[in-house]
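S.K.: Got a file for you: final-v8.txt, compact mmCIF, C-alpha atoms.
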# COMPACT_ATOMS: atom_id res chain seq x y z
CA ASP A 1 0.53 -17.62 -7.74
CA LEU A 2 -3.14 -17.31 -6.77
CA TYR A 3 -5.83 -19.26 -8.63
CA ASN A 4 -9.57 -18.59 -8.54
CA GLU A 5 -11.48 -21.15 -10.57
CA THR A 6 -14.73 -19.25 -11.20
CA PHE A 7 -13.97 -15.52 -10.75
CA LEU A 8 -14.53 -14.47 -14.36
CA GLY A 9 -17.67 -16.53 -14.81
CA ASP A 10 -19.24 -15.23 -11.59
CA LEU A 11 -18.61 -11.56 -12.39
CA ARG A 12 -19.61 -11.86 -16.06
CA ALA A 13 -22.94 -13.23 -14.90
CA PHE A 14 -23.33 -10.27 -12.56
CA ASP A 15 -22.74 -7.43 -15.06
CA GLU A 16 -22.05 -8.01 -18.74
CA ASN A 17 -21.35 -4.30 -19.34
CA ILE A 18 -18.15 -4.32 -17.30
CA LYS A 19 -15.46 -6.50 -18.80
CA TRP A 20 -13.33 -8.81 -16.70
CA PRO A 21 -10.13 -6.70 -16.96
CA HIS A 22 -11.97 -3.82 -15.29
CA PHE A 23 -13.17 -6.06 -12.45
CA ALA A 24 -9.67 -7.49 -12.03
CA ALA A 25 -7.96 -4.09 -12.12
CA ALA A 26 -10.51 -2.67 -9.67
CA ALA A 27 -9.78 -5.50 -7.21
CA CYS A 28 -6.06 -4.66 -7.34
CA ILE A 29 -6.59 -0.90 -7.06
CA ALA A 30 -9.10 -1.15 -4.19
CA TYR A 31 -6.69 -3.46 -2.34
CA THR A 32 -3.90 -0.93 -2.84
CA SER A 33 -6.16 1.80 -1.42
CA ALA A 34 -6.82 -0.30 1.68
CA ILE A 35 -3.13 -1.05 2.22
CA VAL A 36 -1.75 2.47 1.70
CA ASP A 37 -4.69 4.01 3.61
CA ASP A 38 -5.58 6.52 0.92
CA THR A 39 -8.52 6.89 -1.46
CA ASP A 40 -6.34 8.57 -4.11
CA VAL A 41 -4.55 5.66 -5.78
CA VAL A 42 -1.98 5.95 -8.58
CA THR A 43 -0.92 2.61 -10.04
CA GLY A 44 1.16 1.75 -13.08
CA PHE A 45 -0.93 0.60 -16.03
CA PRO A 46 1.07 -1.14 -18.79
CA VAL A 47 -0.03 -0.28 -22.33
CA ALA A 48 1.30 -1.49 -25.67
CA ASN A 49 -0.39 0.92 -28.11
CA ARG A 50 -3.05 -1.66 -28.92
CA THR A 51 -6.54 -0.42 -29.81
CA SER A 52 -8.20 -3.05 -32.01
CA MET A 53 -9.35 -6.43 -30.73
CA GLN A 54 -6.81 -8.17 -32.97
CA GLU A 55 -4.02 -6.11 -31.44
CA LYS A 56 -5.25 -6.69 -27.90
CA ILE A 57 -5.22 -10.48 -28.17
CA THR A 58 -1.77 -10.56 -29.77
CA PRO A 59 1.13 -11.14 -27.36
CA ALA A 60 3.28 -8.00 -27.13
CA GLN A 61 7.04 -7.98 -26.78
CA ALA A 62 7.33 -4.68 -24.90
CA MET A 63 5.14 -2.00 -23.42
CA ALA A 64 5.24 1.17 -21.36
CA SER A 65 3.44 1.95 -18.11
CA LEU A 66 1.21 4.98 -17.70
CA PRO A 67 0.23 6.33 -14.26
CA LEU A 68 -3.45 5.45 -13.72
CA ARG A 69 -5.14 7.61 -11.09
CA VAL A 70 -8.36 6.32 -9.50
CA GLU A 71 -10.41 7.65 -6.60
CA ALA A 72 -11.34 4.55 -4.59
CA ASP A 73 -14.37 5.80 -2.67
CA PRO A 74 -14.67 3.58 0.43
CA ASP A 75 -18.43 4.05 0.49
CA ALA A 76 -18.87 2.95 -3.13
CA ALA A 77 -19.83 -0.61 -4.04
CA PHE A 78 -17.09 -2.65 -5.67
CA THR A 79 -19.07 -2.67 -8.92
CA GLU A 80 -19.03 1.16 -8.86
CA CYS A 81 -15.27 1.06 -8.34
CA ALA A 82 -14.96 -1.19 -11.40
CA ALA A 83 -16.94 1.32 -13.46
CA THR A 84 -14.65 4.11 -12.22
CA VAL A 85 -11.61 2.08 -13.23
CA ARG A 86 -13.11 1.47 -16.66
CA ALA A 87 -13.58 5.23 -17.16
CA ALA A 88 -10.04 5.94 -15.96
CA ILE A 89 -8.58 3.38 -18.37
CA SER A 90 -10.62 4.80 -21.25
CA ALA A 91 -9.29 8.28 -20.43
CA THR A 92 -5.70 7.07 -21.00
CA ARG A 93 -6.29 6.12 -24.65
CA PRO A 94 -5.21 9.48 -26.14
CA TYR A 95 -1.90 9.09 -24.30
CA GLN A 96 -1.15 5.43 -24.94
CA ARG A 97 0.78 6.24 -28.10
CA GLN A 98 2.81 9.02 -26.50
CA PRO A 99 6.50 8.26 -25.90
CA VAL A 100 7.38 8.51 -22.23
CA GLU A 101 10.02 11.16 -23.00
CA LYS A 102 7.25 13.40 -24.34
CA ILE A 103 5.24 12.98 -21.14
CA ARG A 104 8.39 13.73 -19.14
CA ALA A 105 8.93 16.96 -21.09
CA ALA A 106 5.31 18.01 -20.55
CA VAL A 107 5.25 17.41 -16.76
CA PRO A 108 8.87 17.29 -15.53
CA GLN A 109 7.81 17.89 -11.92
CA ALA A 110 6.06 14.51 -11.88
CA PHE A 111 9.41 12.75 -12.29
CA ARG A 112 11.36 14.56 -9.60
CA THR A 113 10.66 12.07 -6.83
CA GLY A 114 11.79 9.18 -9.02
CA ARG A 115 8.40 7.45 -8.93
CA LEU A 116 5.25 8.12 -10.94
CA TYR A 117 3.13 5.41 -9.32
CA GLY A 118 3.06 2.70 -6.69
CA PRO A 119 2.18 -0.92 -7.56
CA THR A 120 1.70 -1.93 -11.20
CA VAL A 121 -1.50 -3.61 -12.42
CA ASN A 122 -0.67 -5.70 -15.49
CA ILE A 123 -3.71 -7.24 -17.20
CA ILE A 124 -2.70 -9.89 -19.76
CA PRO A 125 -5.79 -10.71 -21.90
CA PHE A 126 -4.28 -13.47 -24.06
CA PHE A 127 -2.84 -15.84 -21.49
CA ALA A 128 -5.56 -18.48 -21.15
CA PRO A 129 -4.48 -21.93 -22.40
CA GLY A 130 -6.12 -23.04 -25.64
CA ASP A 131 -6.39 -25.95 -28.03
CA ALA A 132 -5.56 -25.96 -31.72
CA GLY A 133 -6.88 -29.31 -32.85
CA THR A 134 -4.97 -31.83 -30.79
CA LEU A 135 -2.27 -29.28 -29.93
CA ARG A 136 -2.37 -27.79 -26.43
CA THR A 137 -1.06 -24.19 -26.38
CA GLU A 138 -0.04 -21.85 -23.60
CA ALA A 139 1.62 -18.43 -23.63
CA GLU A 140 4.48 -17.73 -21.26
CA VAL A 141 5.81 -14.32 -20.31
CA ILE A 142 9.51 -14.98 -19.89
CA GLY A 143 10.38 -11.58 -18.45
CA GLN A 144 8.35 -9.07 -16.39
CA GLY A 145 9.41 -5.78 -14.96
CA PRO A 146 11.20 -3.85 -13.82
CA VAL A 147 9.19 -4.26 -10.62
CA ASP A 148 9.91 -1.02 -8.78
CA ASP A 149 7.47 -1.79 -6.00
CA MET A 150 4.84 -4.52 -6.41
CA MET A 151 3.15 -5.88 -9.51
CA PHE A 152 -0.23 -7.59 -9.91
CA VAL A 153 -0.18 -9.79 -13.02
CA VAL A 154 -3.72 -10.87 -13.89
CA GLU A 155 -4.45 -13.51 -16.53
CA PRO A 156 -7.62 -15.30 -17.64
CA TRP A 157 -7.49 -19.02 -16.99
CA GLU A 158 -9.40 -22.15 -17.80
CA SER A 159 -13.12 -22.63 -17.07
CA ALA A 160 -13.80 -18.91 -16.53
CA GLY A 161 -11.13 -18.77 -13.83
CA ILE A 162 -8.38 -16.29 -13.14
CA ARG A 163 -4.71 -16.47 -12.24
CA ILE A 164 -3.02 -13.68 -10.30
CA LYS A 165 0.72 -13.49 -9.83
CA LEU A 166 2.12 -11.12 -7.23
CA LEU A 167 5.63 -9.94 -8.05
CA PHE A 168 7.68 -7.93 -5.54
CA ASN A 169 10.84 -5.88 -5.43
CA PRO A 170 12.96 -7.97 -3.00
CA ALA A 171 14.67 -4.82 -1.73
CA LEU A 172 11.32 -3.61 -0.37
CA TYR A 173 9.48 -6.83 0.57
CA ASP A 174 10.90 -9.77 2.49
CA ALA A 175 9.49 -13.30 2.25
CA ALA A 176 7.23 -12.88 5.29
CA THR A 177 5.69 -9.65 3.96
CA ARG A 178 5.13 -11.22 0.55
CA ALA A 179 3.27 -14.12 2.16
CA LEU A 180 1.05 -11.70 4.11
CA HIS A 181 0.10 -9.85 0.91
CA ALA A 182 -0.70 -13.13 -0.85
CA GLU A 183 -3.02 -14.30 1.93
CA ARG A 184 -4.73 -10.92 2.24
CA PHE A 185 -5.27 -10.47 -1.48
CA ASP A 186 -6.61 -14.00 -1.99
CA GLY A 187 -9.22 -13.37 0.71
CA TRP A 188 -9.94 -9.91 -0.76
CA VAL A 189 -10.73 -11.34 -4.21
CA ARG A 190 -12.94 -14.09 -2.82
CA GLN A 191 -15.01 -11.57 -0.83
CA ILE A 192 -15.55 -9.55 -4.02
CA GLN A 193 -16.49 -12.67 -5.93
CA ALA A 194 -19.06 -13.65 -3.29
CA ALA A 195 -20.70 -10.19 -3.06
CA PRO A 196 -19.67 -7.75 -5.84
CA THR A 197 -21.97 -4.95 -4.59
CA THR A 198 -20.28 -4.78 -1.17
CA ALA A 199 -18.98 -1.32 -0.24
CA LEU A 200 -15.17 -1.16 -0.26
CA ARG A 201 -14.96 -0.22 3.41
CA GLU A 202 -16.85 -3.40 4.32
CA LEU A 203 -14.32 -5.68 2.62
CA GLU A 204 -11.89 -7.12 5.15
CA CYS A 205 -8.20 -6.67 4.41
CA LEU A 206 -6.58 -8.92 7.03
CA THR A 207 -4.81 -12.23 7.30
CA SER A 208 -6.09 -14.79 9.79
CA GLU A 209 -3.28 -13.89 12.22
CA GLU A 210 -3.99 -10.16 11.91
CA ARG A 211 -7.68 -10.81 12.56
CA ARG A 212 -6.80 -12.84 15.66
CA ARG A 213 -4.58 -10.06 17.06
CA HIS A 214 -7.26 -7.41 16.54
CA ASP A 215 -9.84 -9.62 18.23
CA GLU A 216 -7.50 -9.97 21.22
CA LEU A 217 -6.92 -6.20 21.38
CA ALA A 218 -10.66 -5.52 21.27
CA HIS A 219 -11.03 -7.42 24.56
CA ALA A 220 -7.69 -6.47 26.15
CA THR A 221 -7.48 -5.34 29.78
CA ALA A 222 -4.85 -3.09 31.32
CA ASP A 223 -1.50 -4.77 31.86
CA GLU A 224 1.22 -3.65 34.24
CA GLY A 225 1.90 -0.53 32.13
CA GLY A 226 0.73 2.88 33.14
CA ARG A 227 3.05 5.49 31.62
CA ALA A 228 1.14 8.61 30.71
CA GLU A 229 4.11 10.03 28.77
CA LEU A 230 5.07 8.09 25.62
CA ALA A 231 6.93 10.85 23.75
CA ASP A 232 10.31 9.08 23.68
CA THR A 233 9.14 5.52 23.06
CA TRP A 234 9.05 5.41 19.23
CA GLY A 235 9.70 1.85 18.02
CA GLU A 236 9.25 0.26 21.46
CA LEU A 237 6.64 -2.30 22.52
CA VAL A 238 4.13 -0.46 24.71
CA GLY A 239 1.49 -2.04 26.92
CA THR A 240 -2.26 -1.53 26.85
CA GLY A 241 -2.10 0.16 30.25
CA ASP A 242 0.33 2.72 28.86
CA TYR A 243 -2.11 3.76 26.14
CA ALA A 244 -4.96 3.95 28.65
CA ALA A 245 -2.85 6.23 30.86
CA ALA A 246 -1.88 8.37 27.85
CA ALA A 247 -5.59 8.86 27.11
CA GLY A 248 -6.36 9.70 30.74
CA VAL A 249 -8.40 6.52 31.20
CA GLU A 250 -8.27 4.58 34.46
CA ALA A 251 -7.03 1.02 34.07
CA THR A 252 -10.27 -0.32 35.51
CA GLU A 253 -12.24 1.45 32.76
CA LEU A 254 -10.31 -0.14 29.89
CA ARG A 255 -12.42 -2.58 27.87
CA GLY A 256 -10.08 -2.97 24.89
CA LEU A 257 -8.06 -1.20 22.22
CA SER A 258 -8.57 -0.55 18.54
CA VAL A 259 -5.79 0.32 16.08
CA ARG A 260 -7.31 1.84 12.95
CA THR A 261 -6.12 3.46 9.76
CA ARG A 262 -7.37 6.85 8.52
CA LEU A 263 -9.99 4.99 6.47
CA GLY A 264 -11.25 3.24 9.61
CA ARG A 265 -9.77 -0.19 8.82
CA PRO A 266 -7.92 -2.39 11.32
CA ALA A 267 -4.21 -1.75 10.70
CA THR A 268 -2.33 -4.59 9.02
CA PHE A 269 1.04 -5.88 10.19
CA GLY A 270 3.78 -3.47 9.13
CA ARG A 271 1.42 -0.46 8.99
CA SER A 272 0.63 1.93 11.80
CA GLY A 273 -2.80 3.10 12.90
CA GLN A 274 -4.47 5.39 15.40
CA VAL A 275 -4.78 3.90 18.88
CA ILE A 276 -8.29 4.15 20.32
CA VAL A 277 -9.10 3.17 23.91
CA LEU A 278 -12.44 1.38 24.32
CA THR A 279 -14.33 2.03 27.55
CA SER A 280 -17.84 1.32 28.81
CA ALA A 281 -18.66 4.97 28.11
CA GLY A 282 -17.37 4.94 24.53
CA GLU A 283 -14.15 5.48 22.58
CA VAL A 284 -11.26 7.73 23.63
CA ALA A 285 -8.53 8.79 21.20
CA THR A 286 -5.00 8.55 22.61
CA GLY A 287 -3.35 10.83 20.04
CA PHE A 288 -0.74 8.11 19.42
CA ARG A 289 -0.13 5.66 16.62
CA ALA A 290 1.00 2.05 16.90
CA GLU A 291 1.92 -0.91 14.72
CA VAL A 292 0.18 -4.17 15.51
CA THR A 293 2.61 -7.10 15.67
CA ALA A 294 2.26 -10.76 16.55
CA THR A 295 3.72 -10.05 20.01
CA GLY A 296 2.35 -6.64 20.96
CA LEU A 297 1.89 -3.00 20.03
CA ARG A 298 4.91 -1.08 18.78
CA THR A 299 4.48 2.63 19.30
CA ARG A 300 4.94 4.92 16.28
CA GLY A 301 4.76 8.33 17.93
CA ARG A 302 2.10 10.97 18.12
CA GLU A 303 -0.50 11.47 15.41
CA ASP A 304 0.65 15.08 14.88
CA GLU A 305 4.29 14.00 14.40
CA ARG A 306 3.60 12.25 11.11
CA SER A 307 3.74 14.01 7.75
CA VAL A 308 4.05 13.33 4.04
CA VAL A 309 7.47 14.11 2.57
CA ALA A 310 7.80 13.69 -1.19
CA GLY A 311 4.90 11.26 -1.26
CA ASN A 312 6.06 9.10 1.68
CA TRP A 313 4.78 9.07 5.23
CA VAL A 314 7.61 10.07 7.56
CA GLU A 315 7.44 9.93 11.36
CA LEU A 316 9.44 12.29 13.54
CA GLY A 317 10.42 9.52 15.93
CA GLU A 318 11.83 7.57 12.99
CA LEU A 319 14.11 10.49 12.11
CA ARG A 320 15.28 10.93 15.67
CA ARG A 321 15.94 7.22 16.09
CA ALA A 322 17.97 7.12 12.85
CA LEU A 323 20.13 10.08 13.93
CA SER A 324 20.60 9.18 17.60
CA PRO A 325 23.89 7.24 17.00
CA LEU A 326 25.47 10.51 15.82
CA ALA A 327 24.67 12.41 19.02
CA ASP A 328 27.82 11.56 20.99
CA ARG A 329 30.06 11.71 17.96
CA VAL A 330 29.34 15.25 16.76
CA GLY A 331 27.30 16.74 19.57
CA PHE A 332 24.09 16.60 17.56
CA ASP A 333 20.89 16.53 19.59
CA SER A 334 18.48 14.30 17.67
CA SER A 335 15.53 15.58 19.73
CA ASP A 336 15.82 18.90 17.86
CA VAL A 337 14.99 17.34 14.48
CA THR A 338 11.91 18.82 12.81
CA PHE A 339 10.49 18.84 9.30
CA ALA A 340 7.79 20.84 7.56
CA PRO A 341 4.52 18.96 6.85
CA THR A 342 4.43 20.19 3.25
CA SER A 343 8.13 19.79 2.53
CA ARG A 344 9.36 17.93 -0.55
CA ARG A 345 12.38 16.75 1.38
CA ILE A 346 13.64 16.12 4.90
CA ALA A 347 15.83 19.04 5.98
CA VAL A 348 18.23 18.51 8.89
CA THR A 349 20.72 21.03 10.25
CA LEU A 350 23.87 19.77 12.01
CA PRO A 351 26.10 21.87 14.28
CA GLU A 352 28.86 23.89 12.60
CA THR A 353 31.43 21.56 14.22
CA ALA A 354 30.11 18.60 12.20
CA ASP A 355 32.51 17.52 9.46
CA ASP A 356 31.64 16.27 5.99
CA ALA A 357 31.83 12.65 7.13
CA ALA A 358 29.20 13.31 9.82
CA ARG A 359 26.93 14.98 7.28
CA GLU A 360 27.27 12.06 4.90
CA ALA A 361 26.54 9.62 7.74
CA ALA A 362 23.42 11.57 8.72
CA LYS A 363 22.18 11.63 5.13
CA ALA A 364 22.82 7.91 4.68
CA ALA A 365 20.99 7.09 7.93
CA LEU A 366 17.92 9.10 6.93
CA ASP A 367 17.96 7.74 3.37
CA GLU A 368 17.91 4.18 4.68
CA ALA A 369 15.26 4.86 7.32
CA THR A 370 12.77 6.82 5.23
CA GLY A 371 13.47 6.40 1.50
CA SER A 372 12.65 10.12 1.09
CA PRO A 373 14.78 12.94 -0.36
CA VAL A 374 17.09 14.32 2.34
CA ARG A 375 19.07 17.54 2.62
CA VAL A 376 21.65 17.84 5.41
CA ARG A 377 23.01 21.30 6.15
Could I get this file's structure written as structure tokens?
M.R.:
Amino acid sequence: DLYNETFLGDLRAFDENIKWPHFAAAACIAYTSAIVDDTDVVTGFPVANRTSMQEKITPAQAMASLPLRVEADPDAAFTECAATVRAAISATRPYQRQPVEKIRAAVPQAFRTGRLYGPTVNIIPFFAPGDAGTLRTEAEVIGQGPVDDMMFVVEPWESAGIRIKLLFNPALYDAATRALHAERFDGWVRQIQAAPTTALRELECLTSEERRRHDELAHATADEGGRAELADTWGELVGTGDYAAAAGVEATELRGLSVRTRLGRPATFGRSGQVIVLTSAGEVATGFRAEVTATGLRTRGREDERSVVAGNWVELGELRRALSPLADRVGFDSSDVTFAPTSRRIAVTLPETADDAAREAAKAALDEATGSPVRVR
């Protein structure tokens, strides 16, 4: 649970034309854009076929979720993002009374990957506590979900405040990751509250520990590393000197490292970014990606060995690492694994000597490692 005592009052005073649900939804959607490193954001938007004000303030027993697609322009002010979200929500009204089976029949291809959207943004407009004479009243949602990924539950609260509950699918998010999201999002909302016209790319999306690690990297010097070839190091901790060598930079010229996402943000824990070597003469791209951790940099392969498969980022080193235990058993060389950048699935071919059990083991290993559709031949 995250509480912000004056969020609604501050933003109402800033722009009366944009209602608080649009500001709240925009905060969630812009945060999602920063985390997934993409401006094209598709979130779940629960609707309950309510159009009149009386319907909207009446607690609903059930609802469906529509995919809400928003372009989160990093150069746009947050207030512009809120206006974009408002327009996107308005555009869903003709479809809010459509049964999901009708939408499925109209666009069956949208359901083939099993997911229509990422996190869900659930705005509950009737939740604020109230008084009826001497009777204190509160609404309680006794069941939420299913939470396929992550759910933002946003409720108005007392004294023009706001309450945000972050719900997670425990199969996808452990306790440590949930805590990181809570700290990041709380700071994200407070930055918006303090300066609503700030451009999205200028909003920081880091925890205090992530900020500390990036500050250290920005002033890092070369360590004992110096390997120029990092092709077979996926998943390993790699030193700053190794990245300098990979970029052809002398150790004495290294002034620091930067690990950035495609949108130019410092990469958060658990997400990989492009490794840039900082020198006195400027920046030098290494061509490699890395994940920033509390203890070092974990290499995530080359930039050109990363592709989208069925909506998920998949790294070639990840595939090879998942299949390497099968090498001795069936004579399968995991270094030969490739996949097409535009493929809807991961296609792997095993030797003819591989039995059905080996094929099932390969499929299970890739399923667990990537969460993407897999075909093993």
S.K.: Padding of 3 Å on every side, edges along x, y and z, all listed atoms of region 83-87 of chain A included: what centre and edge lengths in Å, to one decimal, does that box have, as JSON?
M.R.:
{"center_x": -14.3, "center_y": 3.3, "center_z": -14.7, "size_x": 11.3, "size_y": 9.9, "size_z": 10.9}
S.K.: Using only C-alpha atoms, which protein or nucleic acid residues come within 10 Å of Ala88 (chain A)? Drop anything in the same chain fewer than 2 positions from it, and give the result as number ranges by chain.
M.R.: A: 22, 68-71, 82-86, 90-93
S.K.: What is the CA of Thr32 (chain A) to CA of Gly143 (chain A) distance in Å?
M.R.: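 According to the coordinates, CA of Thr32 (chain A) and CA of Gly143 (chain A) are separated by 23.7 Å.
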S.K.: For each of A:Ile89, A:Leu66, A:Ala72, A:Ala361, take the minimum atom-to-atom distance to Asp40 (chain A), counting all atoms listed in the file, then give the residue where this is smallest.
M.R.: A:Ala72
S.K.: Given only C-alpha atoms as the basis, pick out the residue of A:Ala176, A:Leu316, A:Ile276, A:Ala195 nearest to Gly235 (chain A).
M.R.: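 Nearest to Gly235 (chain A): A:Leu316.
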S.K.: Have region 233-242 of chain A completed to all heavy atoms, please, and pass it along as a compact mmCIF listing (two decimals), in the frame of the given file.
M.R.:
# COMPACT_ATOMS: atom_id res chain seq x y z
N THR A 233 9.22 6.99 23.13
CA THR A 233 9.14 5.52 23.06
C THR A 233 8.99 5.01 21.63
O THR A 233 8.63 3.85 21.44
CB THR A 233 7.94 5.03 23.89
OG1 THR A 233 6.74 5.63 23.39
CG2 THR A 233 8.12 5.38 25.36
N TRP A 234 9.26 5.83 20.61
CA TRP A 234 9.05 5.41 19.23
C TRP A 234 9.79 4.10 18.95
O TRP A 234 10.98 3.96 19.25
CB TRP A 234 9.52 6.47 18.25
CG TRP A 234 9.11 6.21 16.82
CD1 TRP A 234 8.01 6.66 16.18
CD2 TRP A 234 9.81 5.39 15.87
NE1 TRP A 234 7.95 6.19 14.90
CE2 TRP A 234 9.04 5.40 14.67
CE3 TRP A 234 10.98 4.65 15.91
CZ2 TRP A 234 9.43 4.70 13.54
CZ3 TRP A 234 11.37 3.94 14.77
CH2 TRP A 234 10.59 3.99 13.61
N GLY A 235 9.08 3.13 18.38
CA GLY A 235 9.70 1.85 18.02
C GLY A 235 9.69 0.82 19.12
O GLY A 235 10.08 -0.33 18.89
N GLU A 236 9.25 1.20 20.34
CA GLU A 236 9.25 0.26 21.46
C GLU A 236 7.89 -0.43 21.59
O GLU A 236 6.86 0.09 21.15
CB GLU A 236 9.55 1.00 22.77
CG GLU A 236 10.92 1.66 22.80
CD GLU A 236 11.14 2.42 24.10
OE1 GLU A 236 10.33 2.24 25.04
OE2 GLU A 236 12.11 3.19 24.17
N LEU A 237 7.90 -1.63 22.21
CA LEU A 237 6.64 -2.30 22.52
C LEU A 237 6.04 -1.64 23.75
O LEU A 237 6.69 -1.51 24.78
CB LEU A 237 6.89 -3.79 22.79
CG LEU A 237 7.27 -4.64 21.57
CD1 LEU A 237 7.60 -6.07 21.99
CD2 LEU A 237 6.15 -4.65 20.54
N VAL A 238 4.79 -1.20 23.64
CA VAL A 238 4.13 -0.46 24.71
C VAL A 238 2.87 -1.23 25.12
O VAL A 238 2.13 -1.74 24.27
CB VAL A 238 3.77 0.96 24.23
CG1 VAL A 238 2.94 1.70 25.27
CG2 VAL A 238 5.04 1.75 23.93
N GLY A 239 2.61 -1.28 26.40
CA GLY A 239 1.49 -2.04 26.92
C GLY A 239 0.15 -1.33 26.80
O GLY A 239 0.08 -0.11 26.60
N THR A 240 -0.91 -2.09 26.94
CA THR A 240 -2.26 -1.53 26.85
C THR A 240 -2.50 -0.51 27.96
O THR A 240 -3.18 0.50 27.75
CB THR A 240 -3.31 -2.64 26.92
OG1 THR A 240 -3.10 -3.42 28.12
CG2 THR A 240 -3.21 -3.56 25.72
N GLY A 241 -1.95 -0.77 29.15
CA GLY A 241 -2.10 0.16 30.25
C GLY A 241 -1.45 1.50 29.98
O GLY A 241 -1.93 2.55 30.45
N ASP A 242 -0.35 1.48 29.22
CA ASP A 242 0.33 2.72 28.86
C ASP A 242 -0.56 3.60 27.99
O ASP A 242 -0.65 4.82 28.18
CB ASP A 242 1.64 2.43 28.12
CG ASP A 242 2.66 1.71 28.99
OD1 ASP A 242 2.71 2.02 30.20
OD2 ASP A 242 3.38 0.85 28.48
